[in-house]
Amino acid sequence: MSTYSLRQRLTRTWYALNRWAVWVWIIGGLVALPILTITVKLWDGPGSIWPHVVDHLLLDYVSNSLLLSVGCIALTFAMGVASAWYVTRYEFVGRKVAEWLLLLPLSIPSYISAYAYAGIFDYGGSVERLGAALGWTIPHLDVMNIYGLVLVLSSSLFPYVYLSTRAAFLYQSQNLRDASRLLGASESAFIRRIALPLARPAIIGGLVLVLMEVLNDYGAAKHYGVPTFTTGIFRAWFSLESLETAVYLAAILVVLVFALLGIERWQRSGISYVSGHGGRRGAWRKPVAGGTRAGLVLAVGLPILLGFILPVLQLLYWAYLTFAEVAKAEFGLIVLQTMLVAGFTALFTTGLAFLLIYFTKWSPLGGTRWISRTATLGYAIPGAVIALGVMVPTLAVDKWLAALFQNQFGISLGLLLNWTAIALVYAYAVRFLAVAYNPLEASTLKVGAHLSESAQLLGNSPWRALWNIEWPLVRTGFWSAAILVFVDVLKELPLTLILKPHGIQTLAVKAYEYASDERIAESALPALLIVLSGVIFALLFNKTIDR
């Protein structure tokens, strides 16, 4: 290679590095900072109370977290896969409505479902009062334990499995079913040997999302008195006042999460899945007959009842009883603050994902794509861990700035970053960047690179080509991603509890505070507004996609 060609290649690489790759590195570094902080803080030691945690608490954290994970995997698999099979395989009255209703449990945060179920089945709860009114003696069902928590979490989270599995079943070829029938395979044999193995990646993907949410849960486990890793992080920090121990527990949880992700990747390595698109989709569905009706009711009706109808009915009853007490002027301010925080976070996070995608696209360096994908791993990290990772560096920066201004100018500064809206929005962005990144990337991939490249060959800059050509084609995906982030921010509790700024309140924290003060009925109104917002924006999301 000549000296001139080598110099030319180095010049092109340096030009690309300076313009777009550096921005990818900056965004990726900011998103990875909380996890790096947790890793670095491990060198400070586990803290003085760590032996107490190991001797008396750690075993409970590990065993309960594992039991919750295994129980929720089993129950969400049964509910999600069975409901997906029935709505794709059978034709029945109300099928289209059922397809939509099966998504609605996602609009109810698990901690809100936990409050509702406690009110339904507790002593003096709705079930006992209903039985007394009808003259029935109904045995008491205790749900305030780990088994009740498995039921609550599973009934809230099974739509993750339902969504991915239903999509996989819809696009399985009718030719496969015809061939299996000609070979004498029964319906159950076809499901066991063909349909489920082909849907395996989708099922595993949904179950991984369920696991992430189970490990992230704090409100439901705290209310039911089940010690888990997340409740342990809060206890070590707030009750035992040991940040080092909280960081150690957070690090163990991060290792557990990445081990689960690694196992999921490993079990899919070297395996390819091919499912043809032949055959009409409608041919899959057949009328419900005979004993299939009972299975239909259990597979479709029971998840809707447990995941949405029962919690919402209980919340509506509580809201009716406490509306006058809760719906005051300050409550309207809480609603406004929640919407502003969620709206700004949605726009900021989606814009960040948008820039990350296009900076990666414009940079010829191969490593930038790996960095951008790594930056989306925050969704796999529990909110409490991200909050700790954000709080430590922002507090260090605040202390440095305070010392600098005090020494140089004699000015006493307060907190500029920590426990402010800046730190909260930053933590939300780290947590939910993947929620915005994945649908946005799908939209940009559909557009392709040829339009932008043609525009740049005609003398347009990348920014001008993006605004005039690609933005009109991907803006639907942008707003869809923003809606998804908005809904997730509304429901997030552990992260918000730790980093919530003074003077700013959210509906999720207000509902949690009511429940913590044993005023569960009062928590219904803020909880219902979260649920209503989730339903409205889910409908808006579907409308945006259809358009």
# chains A, B, ... in the order shown; residues from 1 in each chain; ligands from 1
call {"tool": "residues_around", "arguments": {"residues": "Ala236 of chain A", "least_positions_apart": "5", "cutoff": "8 Å", "atoms": "only C-alpha atoms", "output": "JSON list (two decimals) with C-alpha atoms, in the first residue's frame"}}
result
[["chain", "number", "residue", "atom", "x", "y", "z"],
["A", 241, "GLU", "CA", -28.16, 3.35, 55.77],
["A", 242, "SER", "CA", -25.40, 1.55, 53.89],
["A", 243, "LEU", "CA", -24.90, 2.67, 50.31],
["A", 245, "THR", "CA", -24.24, -2.75, 50.75],
["A", 246, "ALA", "CA", -26.96, -1.48, 48.42]]
call {"tool": "residues_around", "arguments": {"residues": "segment 307-324 of chain A", "least_positions_apart": "3", "cutoff": "9 Å", "atoms": "only C-alpha atoms", "output": "MDAnalysis selection string"}}
result
chainID A and resid 101:102 104:108 112:117 119:120 126 152 154:158 302:304 327:328 520:528 531
call {"tool": "select_by_dssp", "arguments": {"residues": "segment 393-517 of chain A", "states": "alpha helix (DSSP H)", "output": "VMD selection string"}}
result
chain A and resid 393 to 409 421 to 447 450 to 457 462 to 465 471 to 491 494 to 499 507 to 516
call {"tool": "closest_residue", "arguments": {"among": "A:Lys399, A:Val341, A:Ile146, A:Phe348", "to": "Ser412 of chain A", "atoms": "only C-alpha atoms"}}
result
A:Lys399
call {"tool": "closest_residue", "arguments": {"among": "A:Val208, A:Ile49, A:Leu163, A:Val22", "to": "Val70 of chain A", "atoms": "only C-alpha atoms"}}
result
A:Val208
call {"tool": "atom_distance", "arguments": {"atom1": "atom CA of Arg475 of chain A", "atom2": "atom CA of Leu355 of chain A"}}
result
13.2 Å
call {"tool": "closest_residue", "arguments": {"among": "A:Trp136, A:Trp419, A:Phe405, A:Phe92", "to": "Leu388 of chain A", "atoms": "only C-alpha atoms"}}
result
A:Trp419
call {"tool": "residues_around", "arguments": {"residues": "Phe121 of chain A", "least_positions_apart": "3", "cutoff": "7 Å", "atoms": "only C-alpha atoms", "output": "NGL selection string"}}
result
:A and (117-118 or 125-127 or 141-143)
call {"tool": "write_last_selection", "arguments": {"atoms": "C-alpha atoms", "output": "PDB file, in the first residue's frame"}}
result
ATOM      1  CA  TYR A 117     -55.902  -8.087  44.866  1.00  0.00           C
ATOM      2  CA  ALA A 118     -55.142  -7.392  48.519  1.00  0.00           C
ATOM      3  CA  GLY A 125     -62.382  -7.378  51.515  1.00  0.00           C
ATOM      4  CA  SER A 126     -64.699  -7.367  48.518  1.00  0.00           C
ATOM      5  CA  VAL A 127     -65.063 -11.159  48.351  1.00  0.00           C
ATOM      6  CA  LEU A 141     -57.938 -16.878  50.323  1.00  0.00           C
ATOM      7  CA  ASP A 142     -54.640 -15.447  51.553  1.00  0.00           C
ATOM      8  CA  VAL A 143     -52.815 -13.764  48.666  1.00  0.00           C
TER       9      VAL A 143
END
call {"tool": "closest_residue", "arguments": {"among": "A:Leu424, A:Leu416, A:Val390, A:Ile73", "to": "Thr506 of chain A", "atoms": "only C-alpha atoms"}}
result
A:Leu424
call {"tool": "atom_distance", "arguments": {"atom1": "atom CA of Tyr90 of chain A", "atom2": "atom CA of Pro287 of chain A"}}
result
5.7 Å
call {"tool": "atom_distance", "arguments": {"atom1": "atom CA of Tyr123 of chain A", "atom2": "atom CA of Leu149 of chain A"}}
result
17.2 Å
call {"tool": "residues_around", "arguments": {"residues": "Trp400 of chain A", "least_positions_apart": "6", "cutoff": "12 Å", "atoms": "only C-alpha atoms", "output": "list in words"}}
result
Pro393, Thr394, Gln406, Asn407, Ser412, Leu413, Gly414, Leu415, Leu416 and Leu417 of chain A
call {"tool": "write_last_selection", "arguments": {"atoms": "N, CA and C atoms", "output": "mmCIF file, in the first residue's frame"}}
result
data_model
loop_
_atom_site.group_PDB
_atom_site.id
_atom_site.type_symbol
_atom_site.label_atom_id
_atom_site.label_comp_id
_atom_site.auth_asym_id
_atom_site.auth_seq_id
_atom_site.Cartn_x
_atom_site.Cartn_y
_atom_site.Cartn_z
ATOM 1 N N PRO A 393 -22.651 9.180 40.684
ATOM 2 C CA PRO A 393 -21.838 10.164 39.953
ATOM 3 C C PRO A 393 -22.407 11.583 40.003
ATOM 4 N N THR A 394 -23.739 11.726 39.985
ATOM 5 C CA THR A 394 -24.300 13.078 40.058
ATOM 6 C C THR A 394 -24.021 13.711 41.412
ATOM 7 N N GLN A 406 -17.343 27.351 46.320
ATOM 8 C CA GLN A 406 -17.087 27.836 47.663
ATOM 9 C C GLN A 406 -15.653 28.355 47.794
ATOM 10 N N ASN A 407 -14.708 27.644 47.203
ATOM 11 C CA ASN A 407 -13.306 28.043 47.311
ATOM 12 C C ASN A 407 -12.964 29.225 46.413
ATOM 13 N N SER A 412 -22.230 29.394 48.131
ATOM 14 C CA SER A 412 -22.705 28.074 48.556
ATOM 15 C C SER A 412 -23.762 27.576 47.568
ATOM 16 N N LEU A 413 -23.462 26.503 46.921
ATOM 17 C CA LEU A 413 -24.388 25.918 45.949
ATOM 18 C C LEU A 413 -25.163 24.771 46.574
ATOM 19 N N GLY A 414 -26.376 24.623 46.130
ATOM 20 C CA GLY A 414 -27.154 23.452 46.507
ATOM 21 C C GLY A 414 -26.937 22.333 45.501
ATOM 22 N N LEU A 415 -27.865 21.406 45.449
ATOM 23 C CA LEU A 415 -27.778 20.301 44.498
ATOM 24 C C LEU A 415 -28.195 20.796 43.118
ATOM 25 N N LEU A 416 -27.293 20.660 42.159
ATOM 26 C CA LEU A 416 -27.590 21.070 40.788
ATOM 27 C C LEU A 416 -28.047 19.896 39.922
ATOM 28 N N LEU A 417 -27.615 18.693 40.279
ATOM 29 C CA LEU A 417 -27.949 17.512 39.474
ATOM 30 C C LEU A 417 -28.710 16.476 40.288
#
call {"tool": "closest_residue", "arguments": {"among": "A:Ala133, A:Ile38, A:Ala250, A:Ile233", "to": "Leu57 of chain A", "atoms": "only C-alpha atoms"}}
result
A:Ile233
call {"tool": "closest_residue", "arguments": {"among": "A:Gln408, A:Leu377, A:Leu499, A:Ala346", "to": "Ala436 of chain A", "atoms": "only C-alpha atoms"}}
result
A:Ala346
call {"tool": "closest_atom_pairs", "arguments": {"of": "segment 361-401 of chain A", "to": "segment 482-492 of chain A", "cutoff": "12 Å", "atoms": "only C-alpha atoms", "output": "tab-separated table"}}
result
residue	atom	partner	partner_atom	distance
A:Tyr379	CA	A:Asp488	CA	10.7
A:Pro382	CA	A:Glu492	CA	10.3
A:Gly383	CA	A:Glu492	CA	7.8
A:Ala384	CA	A:Glu492	CA	10.2
A:Ala387	CA	A:Glu492	CA	11.6
call {"tool": "write_last_selection", "arguments": {"atoms": "C-alpha atoms", "output": "compact mmCIF listing (two decimals), in the first residue's frame"}}
result
# COMPACT_ATOMS: atom_id res chain seq x y z
CA TYR A 379 -33.94 -1.90 29.89
CA PRO A 382 -33.77 -3.02 37.23
CA GLY A 383 -34.77 0.57 37.91
CA ALA A 384 -33.37 0.57 41.45
CA ALA A 387 -31.10 4.90 40.14
